[in-house]
Each structure stands twice: as structure tokens, then as C-alpha cells.
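Trainee: Sharing entry_14.pdb, PDB, C-alpha atoms and all ligand atoms:
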ATOM      1  CA  MET L 630      79.093 128.393  85.350
ATOM      2  CA  SER L 631      80.373 124.955  86.236
ATOM      3  CA  TYR L 632      83.635 123.547  84.924
ATOM      4  CA  ARG L 633      83.204 120.078  86.384
ATOM      5  CA  VAL L 634      84.679 117.476  84.094
ATOM      6  CA  SER L 635      82.282 114.726  83.206
ATOM      7  CA  SER L 636      82.986 111.404  84.900
ATOM      8  CA  MET L 637      82.667 109.866  81.451
ATOM      9  CA  SER L 638      85.789 111.686  80.247
ATOM     10  CA  VAL L 639      88.311 109.462  78.531
ATOM     11  CA  LEU L 640      91.493 108.588  80.433
ATOM     12  CA  PRO L 641      94.664 110.234  79.174
ATOM     13  CA  PRO L 642      97.068 107.888  77.391
ATOM     14  CA  VAL L 643      99.452 105.812  79.503
ATOM     15  CA  ARG L 644     102.680 107.695  80.285
ATOM     16  CA  LYS L 645     105.521 106.893  77.907
ATOM     17  CA  ASP L 646     107.703 105.714  80.787
ATOM     18  CA  ARG L 647     105.083 103.173  81.873
ATOM     19  CA  ILE L 648     105.136 101.184  78.663
ATOM     20  CA  ILE L 649     106.497  97.666  79.075
ATOM     21  CA  ALA L 650     107.457  95.936  75.846
ATOM     22  CA  GLU L 651     110.120  93.505  77.103
ATOM     23  CA  LEU L 652     109.981  91.146  80.052
ATOM     24  CA  PRO L 653     111.706  92.897  82.978
ATOM     25  CA  LYS L 654     114.486  90.784  84.506
ATOM     26  CA  CYS L 655     114.511  89.466  88.057
ATOM     27  CA  TYR L 656     117.028  90.846  90.578
ATOM     28  CA  SER L 657     118.567  87.532  91.612
ATOM     29  CA  LYS L 658     118.119  84.200  89.882
ATOM     30  CA  ASP L 659     118.442  82.557  93.318
ATOM     31  CA  ALA L 660     115.208  84.143  94.533
ATOM     32  CA  ALA L 661     112.884  84.884  91.629
ATOM     33  CA  LEU L 662     109.242  84.105  90.903
ATOM     34  CA  HIS L 663     110.492  82.964  87.514
ATOM     35  CA  THR L 664     113.712  83.375  85.572
ATOM     36  CA  LYS L 665     112.486  83.565  81.985
ATOM     37  CA  ASP L 666     114.283  86.010  79.670
ATOM     38  CA  GLU L 667     111.330  86.761  77.428
ATOM     39  CA  PHE L 668     107.560  86.752  77.453
ATOM     40  CA  THR L 669     106.255  83.318  76.527
ATOM     41  CA  LYS L 670     104.843  82.914  73.056
ATOM     42  CA  LYS L 671     101.433  82.168  74.531
ATOM     43  CA  VAL L 672     101.359  85.537  76.308
ATOM     44  CA  ARG L 673     102.774  87.463  73.360
ATOM     45  CA  THR L 674     100.319  85.945  70.879
ATOM     46  CA  ALA L 675      97.321  86.500  73.128
ATOM     47  CA  CYS L 676      98.255  90.191  73.414
ATOM     48  CA  GLN L 677      98.873  90.542  69.679
ATOM     49  CA  GLU L 678      95.537  88.951  68.863
ATOM     50  CA  GLN L 679      93.818  90.939  71.616
ATOM     51  CA  ARG L 680      92.694  87.717  73.247
ATOM     52  CA  THR L 681      93.153  89.268  76.657
ATOM     53  CA  GLY L 682      89.578  89.065  77.960
ATOM     54  CA  THR L 683      89.058  91.413  80.877
ATOM     55  CA  VAL L 684      92.761  91.818  81.725
ATOM     56  CA  GLY L 685      92.956  95.213  80.008
ATOM     57  CA  PHE L 686      90.256  96.561  82.319
ATOM     58  CA  LYS L 687      91.721  95.179  85.520
ATOM     59  CA  ILE L 688      93.084  97.047  88.500
ATOM     60  CA  SER L 689      95.388  94.788  90.427
ATOM     61  CA  LYS L 690      95.767  95.374  94.156
ATOM     62  CA  VAL L 691      99.245  95.543  95.669
ATOM     63  CA  ILE L 692      99.864  95.904  99.396
ATOM     64  CA  VAL L 693     103.130  97.197 100.827
ATOM     65  CA  VAL L 694     103.881  96.081 104.390
ATOM     66  CA  GLY L 695     106.869  96.034 106.756
ATOM     67  CA  ASP L 696     108.325  97.512 109.947
ATOM     68  CA  VAL L 697     108.073 101.140 110.883
ATOM     69  CA  ALA L 698     110.369 103.527 108.967
ATOM     70  CA  VAL L 699     111.904 100.889 106.682
ATOM     71  CA  GLY L 700     111.009 103.095 103.697
ATOM     72  CA  LYS L 701     107.645 101.909 102.316
ATOM     73  CA  THR L 702     106.259 105.376 101.642
ATOM     74  CA  CYS L 703     109.531 106.619 100.152
ATOM     75  CA  LEU L 704     109.590 103.647  97.783
ATOM     76  CA  ILE L 705     106.108 104.397  96.467
ATOM     77  CA  ASN L 706     106.824 108.127  96.246
ATOM     78  CA  ARG L 707     110.052 107.569  94.333
ATOM     79  CA  PHE L 708     108.239 105.529  91.727
ATOM     80  CA  CYS L 709     104.906 107.365  91.493
ATOM     81  CA  LYS L 710     106.104 110.951  91.996
ATOM     82  CA  ASP L 711     109.842 110.689  91.388
ATOM     83  CA  ALA L 712     110.304 112.401  94.761
ATOM     84  CA  PHE L 713     112.273 111.649  97.913
ATOM     85  CA  ASP L 714     111.810 113.160 101.366
ATOM     86  CA  LYS L 715     114.591 112.643 103.877
ATOM     87  CA  ASN L 716     112.320 113.623 106.769
ATOM     88  CA  TYR L 717     110.292 110.814 108.270
ATOM     89  CA  LYS L 718     106.522 111.231 108.255
ATOM     90  CA  ALA L 719     104.749 108.193 109.651
ATOM     91  CA  THR L 720     101.931 106.788 107.555
ATOM     92  CA  ILE L 721      98.731 106.863 109.559
ATOM     93  CA  GLY L 722      96.591 103.862 108.686
ATOM     94  CA  VAL L 723      96.850 103.559 104.891
ATOM     95  CA  ASP L 724      97.343 105.532 101.715
ATOM     96  CA  PHE L 725      97.076 104.516  98.089
ATOM     97  CA  GLU L 726      98.355 105.440  94.636
ATOM     98  CA  MET L 727      97.216 104.294  91.207
ATOM     99  CA  GLU L 728      99.726 103.548  88.468
ATOM    100  CA  ARG L 729      98.707 102.810  84.909
ATOM    101  CA  PHE L 730     100.917 100.678  82.680
ATOM    102  CA  GLU L 731     100.764  99.230  79.240
ATOM    103  CA  VAL L 732     102.145  95.718  78.941
ATOM    104  CA  LEU L 733     102.582  94.367  75.392
ATOM    105  CA  GLY L 734     100.089  96.981  74.237
ATOM    106  CA  VAL L 735      97.454  96.051  76.836
ATOM    107  CA  PRO L 736      96.475  98.567  79.536
ATOM    108  CA  PHE L 737      97.015  97.345  83.077
ATOM    109  CA  SER L 738      96.727  99.216  86.369
ATOM    110  CA  LEU L 739      98.185  98.733  89.805
ATOM    111  CA  GLN L 740      96.599 100.071  92.943
ATOM    112  CA  LEU L 741      99.456 100.462  95.415
ATOM    113  CA  TRP L 742      98.400 100.391  99.071
ATOM    114  CA  ASP L 743     100.940 101.924 101.424
ATOM    115  CA  THR L 744     100.318 100.711 104.994
ATOM    116  CA  ALA L 745     101.544 101.934 108.378
ATOM    117  CA  GLY L 746     104.317 100.013 110.097
ATOM    118  CA  GLN L 747     103.555 101.482 113.513
ATOM    119  CA  GLU L 748     102.004  98.934 115.845
ATOM    120  CA  ARG L 749      99.136 101.221 116.896
ATOM    121  CA  PHE L 750      97.924 101.562 113.281
ATOM    122  CA  LYS L 751      98.355  97.906 112.351
ATOM    123  CA  CYS L 752      94.781  97.078 113.196
ATOM    124  CA  ILE L 753      93.392  99.670 110.760
ATOM    125  CA  ALA L 754      95.956  98.867 108.075
ATOM    126  CA  SER L 755      95.281  95.115 108.126
ATOM    127  CA  THR L 756      91.646  95.687 107.151
ATOM    128  CA  TYR L 757      92.971  96.809 103.750
ATOM    129  CA  TYR L 758      94.946  93.622 103.086
ATOM    130  CA  ARG L 759      92.037  91.701 101.564
ATOM    131  CA  GLY L 760      91.928  91.095  97.812
ATOM    132  CA  ALA L 761      95.619  91.692  97.182
ATOM    133  CA  GLN L 762      97.241  90.015  94.212
ATOM    134  CA  THR L 763     100.726  91.114  95.213
ATOM    135  CA  VAL L 764     102.309  91.506  98.641
ATOM    136  CA  ILE L 765     105.471  93.585  98.909
ATOM    137  CA  ILE L 766     107.248  93.005 102.209
ATOM    138  CA  VAL L 767     109.804  95.699 102.896
ATOM    139  CA  PHE L 768     112.835  95.653 105.220
ATOM    140  CA  ASP L 769     115.874  97.910 105.664
ATOM    141  CA  VAL L 770     119.118  96.256 104.487
ATOM    142  CA  ASN L 771     120.916  98.013 107.374
ATOM    143  CA  ASP L 772     118.600  96.574 110.003
ATOM    144  CA  VAL L 773     118.656  92.809 110.553
ATOM    145  CA  ALA L 774     115.683  92.979 112.938
ATOM    146  CA  SER L 775     113.492  94.377 110.174
ATOM    147  CA  LEU L 776     114.413  91.361 108.025
ATOM    148  CA  SER L 777     113.613  88.920 110.811
ATOM    149  CA  HIS L 778     110.154  90.477 111.200
ATOM    150  CA  THR L 779     109.227  89.962 107.549
ATOM    151  CA  LYS L 780     107.832  86.463 108.160
ATOM    152  CA  GLN L 781     105.299  87.837 110.626
ATOM    153  CA  TRP L 782     104.266  90.492 108.084
ATOM    154  CA  LEU L 783     103.709  87.732 105.560
ATOM    155  CA  ILE L 784     101.629  85.661 107.985
ATOM    156  CA  ASP L 785      99.426  88.680 108.718
ATOM    157  CA  ALA L 786      98.960  89.498 105.036
ATOM    158  CA  MET L 787      98.100  85.874 104.235
ATOM    159  CA  LYS L 788      95.371  85.714 106.884
ATOM    160  CA  GLU L 789      93.307  88.002 104.660
ATOM    161  CA  ASN L 790      94.168  86.467 101.285
ATOM    162  CA  ASP L 791      94.146  83.299  99.226
ATOM    163  CA  PRO L 792      97.774  82.058  99.309
ATOM    164  CA  THR L 793      97.503  80.252  95.963
ATOM    165  CA  ASN L 794      96.767  83.425  94.006
ATOM    166  CA  ILE L 795      99.322  85.724  95.490
ATOM    167  CA  GLN L 796     102.798  86.860  94.407
ATOM    168  CA  ILE L 797     105.226  87.875  97.109
ATOM    169  CA  PHE L 798     108.173  90.241  96.849
ATOM    170  CA  LEU L 799     110.761  90.740  99.584
ATOM    171  CA  VAL L 800     112.385  94.146  99.191
ATOM    172  CA  GLY L 801     115.455  95.503 100.958
ATOM    173  CA  THR L 802     115.564  99.314 100.983
ATOM    174  CA  LYS L 803     118.193 101.988 101.766
ATOM    175  CA  LYS L 804     120.917 100.176  99.845
ATOM    176  CA  ASP L 805     122.727 103.531  99.518
ATOM    177  CA  LEU L 806     123.505 103.448 103.281
ATOM    178  CA  SER L 807     125.202 100.070 103.141
ATOM    179  CA  SER L 808     128.805  99.237 102.178
ATOM    180  CA  PRO L 809     129.238  96.460  99.608
ATOM    181  CA  ALA L 810     130.639  94.124 102.284
ATOM    182  CA  GLN L 811     127.789  94.805 104.717
ATOM    183  CA  TYR L 812     125.272  94.435 101.958
ATOM    184  CA  ALA L 813     126.700  91.105 100.816
ATOM    185  CA  LEU L 814     126.224  89.732 104.331
ATOM    186  CA  ILE L 815     122.557  90.641 104.655
ATOM    187  CA  GLU L 816     121.830  89.614 101.079
ATOM    188  CA  LYS L 817     122.699  86.026 101.911
ATOM    189  CA  ASP L 818     120.128  85.972 104.689
ATOM    190  CA  ALA L 819     117.541  87.872 102.660
ATOM    191  CA  ILE L 820     117.794  85.387  99.795
ATOM    192  CA  LYS L 821     117.335  82.530 102.239
ATOM    193  CA  VAL L 822     114.223  84.191 103.698
ATOM    194  CA  SER L 823     112.886  84.836 100.178
ATOM    195  CA  GLN L 824     113.320  81.193  99.255
ATOM    196  CA  GLU L 825     111.460  80.084 102.379
ATOM    197  CA  MET L 826     108.618  82.500 101.593
ATOM    198  CA  LYS L 827     108.640  81.659  97.874
ATOM    199  CA  ALA L 828     109.139  85.347  97.315
ATOM    200  CA  GLU L 829     111.146  87.267  94.740
ATOM    201  CA  TYR L 830     114.001  89.250  96.255
ATOM    202  CA  TRP L 831     114.981  92.843  95.373
ATOM    203  CA  ALA L 832     117.336  95.426  96.878
ATOM    204  CA  LEU L 833     117.041  99.105  96.013
ATOM    205  CA  SER L 834     117.370 102.687  97.129
ATOM    206  CA  SER L 835     114.603 105.275  97.065
ATOM    207  CA  LEU L 836     117.193 107.984  97.709
ATOM    208  CA  THR L 837     119.224 107.301  94.560
ATOM    209  CA  GLY L 838     116.383 105.585  92.684
ATOM    210  CA  GLU L 839     118.555 102.506  92.032
ATOM    211  CA  ASN L 840     116.337  99.588  90.878
ATOM    212  CA  VAL L 841     113.069 101.308  91.827
ATOM    213  CA  LYS L 842     111.581 101.509  88.333
ATOM    214  CA  GLU L 843     112.943  98.067  87.426
ATOM    215  CA  PHE L 844     111.286  96.643  90.525
ATOM    216  CA  PHE L 845     107.824  98.104  89.866
ATOM    217  CA  PHE L 846     107.995  97.094  86.197
ATOM    218  CA  ARG L 847     108.649  93.570  87.364
ATOM    219  CA  VAL L 848     105.715  93.709  89.813
ATOM    220  CA  ALA L 849     103.360  95.056  87.136
ATOM    221  CA  THR L 850     104.485  92.518  84.561
ATOM    222  CA  LEU L 851     104.235  89.474  86.814
ATOM    223  CA  ALA L 852     100.780  90.558  87.989
ATOM    224  CA  PHE L 853      99.762  91.088  84.358
ATOM    225  CA  GLU L 854     101.113  87.688  83.273
ATOM    226  CA  ALA L 855      99.334  85.911  86.129
ATOM    227  CA  ASN L 856      96.051  87.616  85.240
ATOM    228  CA  LEU L 857      96.412  86.829  81.570
ATOM    229  CA  LEU L 858      97.359  83.181  82.100
ATOM    230  CA  ALA L 859      94.369  82.739  84.409
ATOM    231  CA  GLU L 860      92.166  84.302  81.743
ATOM    232  CA  LEU L 861      93.584  82.013  79.028
ATOM    233  CA  GLU L 862      92.894  78.986  81.259
ATOM    234  CA  LYS L 863      89.207  79.751  81.031
ATOM    235  CA  SER L 864      87.992  78.023  77.899
ATOM    236  CA  GLY L 865      87.570  80.146  74.798
ATOM    237  CA  THR L 866      88.898  83.463  75.983
ATOM    238  CA  ARG L 867      86.949  86.232  74.381
ATOM    239  CA  GLN L 868      88.310  88.932  72.187
ATOM    240  CA  ILE L 869      87.620  92.512  73.128
ATOM    241  CA  SER L 870      85.282  92.760  70.150
ATOM    242  CA  ASP L 871      83.192  89.892  71.613
ATOM    243  CA  ILE L 872      82.845  91.731  74.882
ATOM    244  CA  VAL L 873      81.644  94.802  73.077
ATOM    245  CA  LYS L 874      79.155  92.597  71.231
ATOM    246  CA  ILE L 875      77.961  91.055  74.487
ATOM    247  CA  ASN L 876      77.545  94.507  75.973
ATOM    248  CA  SER L 877      75.521  95.790  73.076
ATOM    249  CA  ASN L 878      73.379  92.647  73.097
ATOM    250  CA  SER L 879      72.652  93.047  76.761
ATOM    251  CA  ASN L 880      71.719  96.650  76.111
ATOM    252  CA  ASN L 881      69.254  95.431  73.539
ATOM    253  CA  LEU L 882      67.919  92.860  75.951
ATOM    254  CA  TYR L 883      67.470  95.553  78.517
ATOM    255  CA  ALA L 884      65.694  97.758  76.024
ATOM    256  CA  SER L 885      63.397  94.961  74.848
ATOM    257  CA  SER L 886      62.561  93.782  78.355
ATOM    258  CA  LYS L 887      61.710  97.348  79.282
ATOM    259  CA  LYS L 888      59.510  97.535  76.257
ATOM    260  CA  LYS L 889      57.788  94.315  77.262
ATOM    261  CA  GLN L 890      57.224  95.670  80.716
ATOM    262  CA  THR L 891      55.528  98.727  79.313
ATOM    263  CA  ASN L 892      53.356  96.539  77.122
ATOM    264  CA  CYS L 893      52.448  94.415  80.068
ATOM    265  CA  CYS L 894      51.281  97.376  82.104
ATOM    266  CA  GLN L 895      49.214  98.850  79.363
TER
HETATM  267  N1  LIG M 901     119.173 106.884 102.841
HETATM  268  C1  LIG M 901     117.938 106.447 102.605
HETATM  269  N2  LIG M 901     116.943 106.797 103.432
HETATM  270  C2  LIG M 901     115.699 106.328 103.166
HETATM  271  C3  LIG M 901     115.433 105.496 102.032
HETATM  272  N3  LIG M 901     114.133 105.193 102.024
HETATM  273  C4  LIG M 901     113.595 105.817 103.100
HETATM  274  N4  LIG M 901     114.531 106.512 103.787
HETATM  275  C5  LIG M 901     114.309 107.312 105.008
HETATM  276  O1  LIG M 901     113.766 106.475 106.017
HETATM  277  C6  LIG M 901     112.779 107.149 106.780
HETATM  278  C7  LIG M 901     111.482 106.373 106.788
HETATM  279  O2  LIG M 901     110.939 106.325 105.480
HETATM  280  P1  LIG M 901     109.374 106.062 105.202
HETATM  281  O3  LIG M 901     109.234 105.771 103.776
HETATM  282  O4  LIG M 901     108.555 107.147 105.736
HETATM  283  O5  LIG M 901     109.110 104.748 106.076
HETATM  284  P2  LIG M 901     107.773 103.881 106.177
HETATM  285  O6  LIG M 901     108.172 102.471 106.039
HETATM  286  O7  LIG M 901     106.750 104.380 105.243
HETATM  287  O8  LIG M 901     107.312 104.158 107.701
HETATM  288  P3  LIG M 901     105.814 104.003 108.326
HETATM  289  O9  LIG M 901     104.879 104.747 107.453
HETATM  290  O10 LIG M 901     105.879 104.569 109.705
HETATM  291  O11 LIG M 901     105.529 102.540 108.393
HETATM  292  C8  LIG M 901     112.659 108.558 106.184
HETATM  293  O12 LIG M 901     113.432 109.462 106.951
HETATM  294  C9  LIG M 901     113.252 108.402 104.791
HETATM  295  O13 LIG M 901     113.839 109.580 104.308
HETATM  296  C10 LIG M 901     116.530 105.156 101.169
HETATM  297  O14 LIG M 901     116.413 104.441 100.165
HETATM  298  N5  LIG M 901     117.761 105.659 101.515
HETATM  299 MG    MG M 902     104.923 105.175 105.504
END
Go ahead and express the file in the form of C-alpha cells.
Mentor:
Amino acid sequence: MSYRVSSMSVLPPVRKDRIIAELPKCYSKDAALHTKDEFTKKVRTACQEQRTGTVGFKISKVIVVGDVAVGKTCLINRFCKDAFDKNYKATIGVDFEMERFEVLGVPFSLQLWDTAGQERFKCIASTYYRGAQTVIIVFDVNDVASLSHTKQWLIDAMKENDPTNIQIFLVGTKKDLSSPAQYALIEKDAIKVSQEMKAEYWALSSLTGENVKEFFFRVATLAFEANLLAELEKSGTRQISDIVKINSNSNNLYASSKKKQTNCCQ
């Protein structure tokens, strides 16, 4: 007897701690993609009226890049699995995790691609950069060299993507290992680099979990907003009910054309 679950099975509801109802705040107003306090009325209304087109069915691609052992895998594992491993296990090539959110009542998914920082895997990893909507460039706040390499990581990620449609985050990890005075020093430089890259800056710790959830909520929300605004730009954004109508019409078309075909062959 087979217990295989049908691939048509309905997805479980979005986890309660992945529901975003308020606009998550930026980390620093000096280096933010935007500094609004609330969702714009346009976005809110579109969600309320379910004028969200295909956004609710979208899976947005996020790539996480940066030097070896800066903490990319730990960051993803802290958020997706609420786990932290103090032993270093190099990522070989790439790995990915899916995270489902609900933003203003609309489902929205992120596909988080964790890439290898080791030089010998870079070639494989970079083949997964294409089609990203978000690039997260990670450095270690206790390692100035890792910050200085972030520009090269950005250049490499941009070779495979359309720069006009991408949101960049610069993320300093391992904040727990840094004294406030040390941290303040590197933050100044990191904010400068973020401004040059037009990136949003964050600092966090995967060990303590400080700012990890806040950061990913921000990533999900900004990706969602960008998708929705692009959808609203298209004239006459459809309601979900229209899409269902279109689908059922096309089914009918398919059925009738099949019927015609049969007639034709008779
Ligand atoms: N104290 C502290 N250690 C961390 C933190 N994040 C990661 N580490 C440690 O740093 C080491 C490297 O972490 P990884 O997440 O594997 O690094 P990575 O960037 O994925 O490395 P590659 O896959 O080789 O590119 C591990 O020993 C982690 O335990 C943090 O926030 N605080
Ligand atoms: Mg890794």
C-alpha cells in the first residue's frame, strides 16, 4: 500500500511567526532602501482589495554571498530553523531554503540561496546568481577585510542580474563578538560602503539571534512591495477572481478546441 501524498495537496497555512502586518523598520536611516514608517496607502489598498495580480503566487529569489566563514549559512539556519552551530561546516557549491510569509494578508515566498564563500566553489555558486531579486552581501563585523571584499561580491552578483530590478542588503554578522567601541568603528565604514552600493545596512548575530528575524522580515517586505508596485504599474491590475475566470475560460477554450479537433478528424 502506498502512502505517497498527492502533489496536488494543499499547502499548510503560513506559520504564525511569518505574518507581516506592519512595515518592518530599517536598521539605520543613514543606509536604508527607504525610510517610510508605514506601508503606503496604495500598497495597503491593493492588498485589501485583493488587487495583487500574480504577487501572491510569486517565489522571490534571494542570493546570499560573501567571504568564506563570515556566517552566511548560520544566518539562514538561525532564521529558517532557529538553530545555531558553532562548528564551521563549509558550504559546498550552494544550498537553498524556502520561507513562506504573509504580507498584509497576501502569501509571498522567498527562496533563499546560500552560496559557498570558498574560492574553489565560486565558479559553481555563481551559476545560481541569475534571476535574483535580492542580493544579501555578508561580512563579519570583526573582520575589516571581509567588508572590503563586499564590493567584489556585488560586482560578481550583478554580472548575472539586471541592476535596475535588484535590492541589495549589506549585512554585518557576529555582532556578539564585537565590543560596542569596536563595532562603532566598523559601522562607520560599513554605512559608507552601503551608501556607495545603494544597499541597506544591517548588523546582527546568528548566535544570539539579535536582529535576525527583523532583517528577514525587512527583506521579505521590500521584495513584496517591489513586486506589488511593479504589478500595479501594469495597467488595470487584475483581481484574483479575474485570474480564476481567465483560467476557467482557457480551460473551456482548450476543451472546445479539442472537440473541434475530434470533429475535424472524423
Ligand atoms: N559568535 C558567532 N559566531 C558565528 C556567528 N555566525 C557564524 N558564526 C561562526 O562562524 C563560522 C562560520 O559560519 P558559517 O555560517 O558556516 O559561514 P559561511 O559564510 O556559510 O561559510 P562558507 O559556507 O564557507 O562560505 C562557524 O563556526 C559559525 O559558528 C555569529 O553570529 N556569532
Ligand atoms: Mg556556508
Trainee: Go through the chains and note each residue within 8 Å of ligand LIG 901 (chain M), using all atoms listed in the file, then give the set as a ChimeraX atom specification.
Mentor: /L:694-704,713-721,743-747,767,802-806,833-838
Trainee: Go ahead and write the selection's residues with C-alpha atoms as a tab-separated table (two decimals), keeping the file's coordinate frame.
Mentor:
chain	number	residue	atom	x	y	z
L	694	VAL	CA	103.88	96.08	104.39
L	695	GLY	CA	106.87	96.03	106.76
L	696	ASP	CA	108.32	97.51	109.95
L	697	VAL	CA	108.07	101.14	110.88
L	698	ALA	CA	110.37	103.53	108.97
L	699	VAL	CA	111.90	100.89	106.68
L	700	GLY	CA	111.01	103.10	103.70
L	701	LYS	CA	107.64	101.91	102.32
L	702	THR	CA	106.26	105.38	101.64
L	703	CYS	CA	109.53	106.62	100.15
L	704	LEU	CA	109.59	103.65	97.78
L	713	PHE	CA	112.27	111.65	97.91
L	714	ASP	CA	111.81	113.16	101.37
L	715	LYS	CA	114.59	112.64	103.88
L	716	ASN	CA	112.32	113.62	106.77
L	717	TYR	CA	110.29	110.81	108.27
L	718	LYS	CA	106.52	111.23	108.26
L	719	ALA	CA	104.75	108.19	109.65
L	720	THR	CA	101.93	106.79	107.56
L	721	ILE	CA	98.73	106.86	109.56
L	743	ASP	CA	100.94	101.92	101.42
L	744	THR	CA	100.32	100.71	104.99
L	745	ALA	CA	101.54	101.93	108.38
L	746	GLY	CA	104.32	100.01	110.10
L	747	GLN	CA	103.56	101.48	113.51
L	767	VAL	CA	109.80	95.70	102.90
L	802	THR	CA	115.56	99.31	100.98
L	803	LYS	CA	118.19	101.99	101.77
L	804	LYS	CA	120.92	100.18	99.84
L	805	ASP	CA	122.73	103.53	99.52
L	806	LEU	CA	123.50	103.45	103.28
L	833	LEU	CA	117.04	99.10	96.01
L	834	SER	CA	117.37	102.69	97.13
L	835	SER	CA	114.60	105.28	97.06
L	836	LEU	CA	117.19	107.98	97.71
L	837	THR	CA	119.22	107.30	94.56
L	838	GLY	CA	116.38	105.58	92.68
Trainee: Here is a test: counting only C-alpha atoms and all ligand atoms, which residue of L:Lys665, L:Lys751, L:Lys863, L:Lys780 is nearest to ligand MG 902 (chain M)?
Mentor: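 Between L:Lys665, L:Lys751, L:Lys863, L:Lys780, the residue approaching ligand MG 902 (chain M) most closely is L:Lys751.
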Trainee: Using the chain letters and numbers from this file, what does the PyMOL selection byres (((chain L and resi 784) around 12) and not hetatm) select? Give the answer as a list in words.
Mentor: Val694, Gly695, Ser755, Tyr758, Val764, Ile766, His778, Thr779, Lys780, Gln781, Trp782, Leu783, Asp785, Ala786, Met787, Lys788, Glu789, Asn790, Asp791, Pro792, Ile797 and Met826 of chain L
Trainee: So which one's closest to Glu731 (chain L), L:Ala660, L:Ile765, L:Val691, L:Val643? Using only C-alpha atoms, please.
Mentor: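 Looking only at the distances to Glu731 (chain L), the closest residue turns out to be L:Val643.
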Trainee: Just the residues within 12 Å of Phe845 (chain L), please, counting all atoms listed in the file, with nothing from its chain fewer than 5 positions along; format it as a ChimeraX atom specification.
Mentor: /L:646-649,653-656,691,693,704-709,728-730,738-741,763,765,798,800,831,833,838-840,850-852
Trainee: Can you measure CA of Glu667 (chain L) to CA of Asn856 (chain L) for me? One decimal in Å is fine.
Mentor: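 CA of Asn856 (chain L) lies at a distance of 17.2 Å from CA of Glu667 (chain L).
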Trainee: Could you tell me which of L:Phe686, L:Phe846, L:Phe725, L:Phe668 comes closest to ligand MG 902 (chain M) if we count all atoms listed in the file?
Mentor: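 Among L:Phe686, L:Phe846, L:Phe725, L:Phe668, it is L:Phe725 that comes nearest to ligand MG 902 (chain M).
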Trainee: One decimal, Å: what's the distance from CA of Gln811 (chain L) over to CA of Leu776 (chain L), could you say?
Mentor: 14.2 Å
Trainee: I need the residue nearest ligand MG 902 (chain M) from this list: L:Ile688, L:Ala754, L:Thr683, L:Pro642. Use only C-alpha atoms and all ligand atoms for the distance.
Mentor: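 Nearest to ligand MG 902 (chain M): L:Ala754.
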Trainee: Set the distance at 9 Å and use only C-alpha atoms: which residues neighbour Glu854 (chain L) once local chain neighbours fewer than 5 positions away are removed? I'd like the list as a list in words.
Mentor: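 The residues satisfying every condition are Phe668, Val672, Ala849 and Ala859 of chain L.
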Trainee: Mind listing whatever residues come within 12 Å of the point (122.1, 92.9, 104.9)? Use only C-alpha atoms, file coordinates, and give them as a PyMOL selection string.
Mentor: chain L and resi 768-777+800-822+831-833
Trainee: I'd like the interatomic distance between CA of Ala650 (chain L) and CA of Leu799 (chain L), to a tenth of an Å.
Mentor: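 Separation of CA of Ala650 (chain L) and CA of Leu799 (chain L): 24.5 Å.
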Trainee: Which residue out of L:Phe737, L:Trp742, L:Tyr757, L:Tyr830 has the minimum interatomic distance to ligand MG 902 (chain M) when only C-alpha atoms and all ligand atoms are used?
Mentor: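 Residue with the minimum atom-to-atom distance to ligand MG 902 (chain M): L:Trp742.
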Trainee: Give the padded box for region 694-697 of chain L as AutoDock Vina command-line options: axis-aligned, covering all atoms listed in the file, 5 Å on each side, centre and edge lengths in Å to one decimal.
Mentor:
--center_x 106.1 --center_y 98.6 --center_z 107.6 --size_x 14.4 --size_y 15.1 --size_z 16.5
